[in-house]
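> Below you will find the structure I want to go over with you.
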Amino acid sequence: MAFLARALRQSNSRLSSCPSVAASCRWISRTAAAGSPEAGAAVAPADPELPPPREPVGGARVELPPNPEDALEVFVDGHAVRIPKGFTVLQACEVAGVDIPRFCYHSRLSIAGNCRMCLVEVEKSPKPVASCAMPALPGMKIKTNTPVAKKAREGVMEFLLMNHPLDCPICDQGGECDLQDQSMAFGADRGRFTEMKRSVVDKNLGPLVKTVMTRCIQCTRCVRFATEVAGVQDLGMLGRGSGEEIGTYVEKLMTSELSGNVIDICPVGALTSKPFAFKARNWELKGTETIDVTDAVGSNIRVDSRGPEVMRIVPRLNEDINEEWISDKTRFCYDGLKRQRLNDPMIRGPDGRFKAVTWRDALAVVAEVLHQVKPEEITGVAGKLSDAESMMALKDFVNRMGSDKVLCEGNGPNPPADLRSNYLMNTSIAGLEKADVFLLVGTQPRVEAAMVNARIRKTVKATQAKVGYIGPPADFNYDHEHLGTGPQTLVEITEGRHPFCSVLQSAKNPVIIAGAGLFEREDQDALFSMVETVAKKFNVTRPDWNGLNVLLLHAAQAAALDLGLVANPAESIKSAKFLYLMGADDISLDKLPDDAFVVYQGHHGDKAVYRANVILPSSAFSEKEGTYENTEGCTQWTIPAVPTVGDARDDWKIIRALSEVAGALLPYDSLSAVRDRISTVAPNLVHVDEREPSTISVEVKPPVKQKVSSTPFKTVVENFYMTDAITRASKIMAQCSATLLKK
């Protein structure tokens, strides 16, 4: 015994002298009082019996309310945690750094409480409680790792796997499946169910979402997403007991523009991507965090690629812009990046056919024609997918050649580029949630900017905000009042004669959203002047709130207006003998002189290629580093995910090379040098992930003498799924247009 006591003393002294070992040891107390819950709660922060407190799950930060009475203290596994009132037990556990398993709970959806995977033990409660649906109460003692909680989770997992098929080797969710991960972490090592598994007929939800409904665990996430976020009543729960299944009440497709998000929120392989089916496993893919350019929202995305091919696009969390959703156009347009691509420089021969040539020959031909035309006959047009660097290079090059006719398609005959507040969403996308009245003028956010529309719907659903709409009949997914179809309704509101004036008058934070489609109208100055009058009259703009917004359509528009690409398209094209189209496919070339020489620089063989004399292949947004500014004025970068196709080059590099051959050398030859040049013209474009609000008031504008036309507003986006060169080349988008847009 003396030998044993001596050995114990030596080992204790060795452990205490080694700080790393001492820190990792758990000492067992001999006193009975220390084991009581009351004693543990009282000395929670310093109790050596407890493991050290953890960081909140996912590095989340919790802001406690300024009033101490609006916060409460609970104990999670013995650690004291302060949380705001109204938090659930599950949220309290996350603040304490304990990750609770769940299938049905989702932070952006209503609470269902029907999977029972999140069971925890609460002191003085006779049974384990569902932590997602139980509000946290002051002094509550929550235990997440007790034998009772573990046994409850194992039982729930056994029931979930009872009817789940053994599909993992052929399931597209394999490798990123919540059911796989949680059955490994929290499930038992065997199941006792020996009966036949039930099977369910697969549903046809359209060309985007693949269903294998036998795998469904009835978590109802997709039903709640469709109803609450997407605003369509397409999915629901049918049947009872073992006959319970999710489906559409009548045989129909899911028609929402956000339907692809059910793929992300489905915790099992019941809803997966139809175009991506059986293409790749997630561990084979390289993820590149970049942004989307199919609309002006600039949704944050992750491009997953394998080798030179983009395999899929998934959303990335950004609370200020797209939260964690993306539109179907953003998610599924990626197959357009490998179809109809331009690989080599080409020159149209005398027979009208294109012939592939070297870069040296193509640039020499363009430079030769440039010297044969007068400076005022040179026009440059930037396309709707152009980045700021290429537009800066195009503007500098055309200016050096002696012309000031540089424009961006979609900005109309007289763009309002003097003040940034004239063309930005001044409230910001996230700021729309503070609004209590919306007046939409000539814009249909559901097809023009699906993520802005989702934000408006979220606000309408949460606060019962009123929405008034002036424009052609449109399909909205929230309650709205159709006030009229044209400018006449706006005149009535300006003069205070319209019934909607009382709604605007009583609003605390009214918001007006004007569509960028108004830029194309001849009377746009008068229209925007009227909108500003309404804003002034109903307190839409004041020192603490700017609710006057413009919703842009294209990724390039905001940066083009910042950089000053503001020439009149009709006049510039009418007088052009040399036309440089940089990815511009949707601009009208009807009035272009027949003898004009057209250079098309772009990544897809789209509409404008048919009129081109020379084709210069450039890289798409997934293959280059570029700066884009979204509709709220937030500057973001695209990051290259895959190599360029064929002999294509970045847009600004092509223009820089052409300037050298043409003898009007641009003074930059690296991306950082181009950005230095941009910083002298529009400094906001070099502050990445920052939104610089406009500071100058609209009151400095001179009065407008133009008269308003009586022509009603038109629908700007006819086909949501096909709006640019990439989406028009996409086979998936073509299928969506054919099946989902049938009237």
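Here, A, B, ... name the chains of the structure tokens in the order displayed, residue numbers run from 1 inside each chain, and ligands are numbered from 1 in the same displayed order.
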As a ChimeraX atom specification, please: the residues near A:Arg215 (cut-off 12 Å, only C-alpha atoms, same-chain neighbours under 6 positions excluded).

/A:160-168,171-173,177,179,197-202,245-246,266-272

> Residues within 7 Å of stretch 589-602 of chain A, please, as a VMD selection string. Count only C-alpha atoms; anything in the same chain fewer than 3 positions from it doesn't count.

chain A and resid 573 to 574 576 to 583 609 611 to 618

> If you count only C-alpha atoms, which residues fall within 9 Å of A:Arg82, apart from same-chain ones fewer than 5 positions away, as a list in words?

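That gives Leu64, Ala71, Leu72, Glu73, Val74, Phe75, Ala92 and Val95 of chain A.
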
> Please, could you write that set of residues out with C-alpha atoms as a PDB file, in the first residue's frame?


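Final output, again09.pdb:
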```pdb
ATOM      1  CA  LEU A  64     -28.013  40.782 -26.107  1.00  0.00           C
ATOM      2  CA  ALA A  71     -32.243  38.661 -21.470  1.00  0.00           C
ATOM      3  CA  LEU A  72     -32.263  35.487 -19.389  1.00  0.00           C
ATOM      4  CA  GLU A  73     -29.769  32.935 -18.119  1.00  0.00           C
ATOM      5  CA  VAL A  74     -29.944  29.197 -18.729  1.00  0.00           C
ATOM      6  CA  PHE A  75     -27.506  26.372 -17.959  1.00  0.00           C
ATOM      7  CA  ALA A  92     -29.520  28.402 -26.365  1.00  0.00           C
ATOM      8  CA  VAL A  95     -24.921  29.785 -28.199  1.00  0.00           C
TER       9      VAL A  95
END
```

> When you draw a straight line from atom CA of A:Met213 to atom CA of A:Ser737, how long is it in Å?

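Distance between the two atoms: 25.6 Å.
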
> Nearest residue to A:Leu285 out of A:Pro68, A:Ala462, A:Ile313, A:Gln91, using only C-alpha atoms?

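Going through A:Pro68, A:Ala462, A:Ile313, A:Gln91 one by one, the smallest distance to A:Leu285 is for A:Ile313.
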
> Stretch 504-668 of chain A: which residues are strand (DSSP E or B) by DSSP, as a PyMOL selection string?

chain A and resi 510-515+541-542+545-546+548-551+566+578-582+597-602+604+614-618+626-629+634-638+649

> Compile the contact shell of stretch 500-507 of chain A as a PyMOL selection string: residues with an atom at most 12 Å away, counting only C-alpha atoms, same-chain residues fewer than 5 positions apart removed.

chain A and resi 434-439+465-470+480-484+489-495+512+534-540+547

> Create the file for the chosen residues now, containing C-alpha atoms and written as a PDB file, in the first residue's frame.


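Once written, part28.pdb looks like this:
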```pdb
ATOM      1  CA  LYS A 434     -37.721  47.946 -42.366  1.00  0.00           C
ATOM      2  CA  ALA A 435     -40.303  49.221 -44.880  1.00  0.00           C
ATOM      3  CA  ASP A 436     -44.050  49.219 -44.181  1.00  0.00           C
ATOM      4  CA  VAL A 437     -45.338  50.372 -47.601  1.00  0.00           C
ATOM      5  CA  PHE A 438     -43.965  49.554 -51.074  1.00  0.00           C
ATOM      6  CA  LEU A 439     -44.820  51.423 -54.278  1.00  0.00           C
ATOM      7  CA  ALA A 465     -46.630  45.726 -45.293  1.00  0.00           C
ATOM      8  CA  LYS A 466     -48.840  47.138 -48.067  1.00  0.00           C
ATOM      9  CA  VAL A 467     -47.709  46.872 -51.720  1.00  0.00           C
ATOM     10  CA  GLY A 468     -48.976  49.122 -54.530  1.00  0.00           C
ATOM     11  CA  TYR A 469     -48.014  48.319 -58.119  1.00  0.00           C
ATOM     12  CA  ILE A 470     -48.122  50.477 -61.264  1.00  0.00           C
ATOM     13  CA  HIS A 480     -50.645  43.671 -53.638  1.00  0.00           C
ATOM     14  CA  GLU A 481     -52.912  46.362 -55.021  1.00  0.00           C
ATOM     15  CA  HIS A 482     -52.721  46.955 -58.788  1.00  0.00           C
ATOM     16  CA  LEU A 483     -53.085  50.746 -58.964  1.00  0.00           C
ATOM     17  CA  GLY A 484     -52.827  51.223 -62.751  1.00  0.00           C
ATOM     18  CA  THR A 489     -51.644  56.728 -62.119  1.00  0.00           C
ATOM     19  CA  LEU A 490     -48.326  58.254 -61.033  1.00  0.00           C
ATOM     20  CA  VAL A 491     -49.654  61.715 -61.949  1.00  0.00           C
ATOM     21  CA  GLU A 492     -52.730  61.095 -59.737  1.00  0.00           C
ATOM     22  CA  ILE A 493     -50.503  60.067 -56.791  1.00  0.00           C
ATOM     23  CA  THR A 494     -48.289  63.146 -57.338  1.00  0.00           C
ATOM     24  CA  GLU A 495     -51.357  65.402 -57.208  1.00  0.00           C
ATOM     25  CA  ILE A 512     -40.624  53.465 -53.809  1.00  0.00           C
ATOM     26  CA  VAL A 534     -43.908  61.632 -54.659  1.00  0.00           C
ATOM     27  CA  ALA A 535     -40.887  60.789 -52.481  1.00  0.00           C
ATOM     28  CA  LYS A 536     -40.660  64.365 -51.206  1.00  0.00           C
ATOM     29  CA  LYS A 537     -44.398  64.680 -50.625  1.00  0.00           C
ATOM     30  CA  PHE A 538     -44.804  61.455 -48.608  1.00  0.00           C
ATOM     31  CA  ASN A 539     -41.589  61.606 -46.569  1.00  0.00           C
ATOM     32  CA  VAL A 540     -39.909  58.773 -48.488  1.00  0.00           C
ATOM     33  CA  GLY A 547     -36.711  54.893 -49.485  1.00  0.00           C
TER      34      GLY A 547
END
```
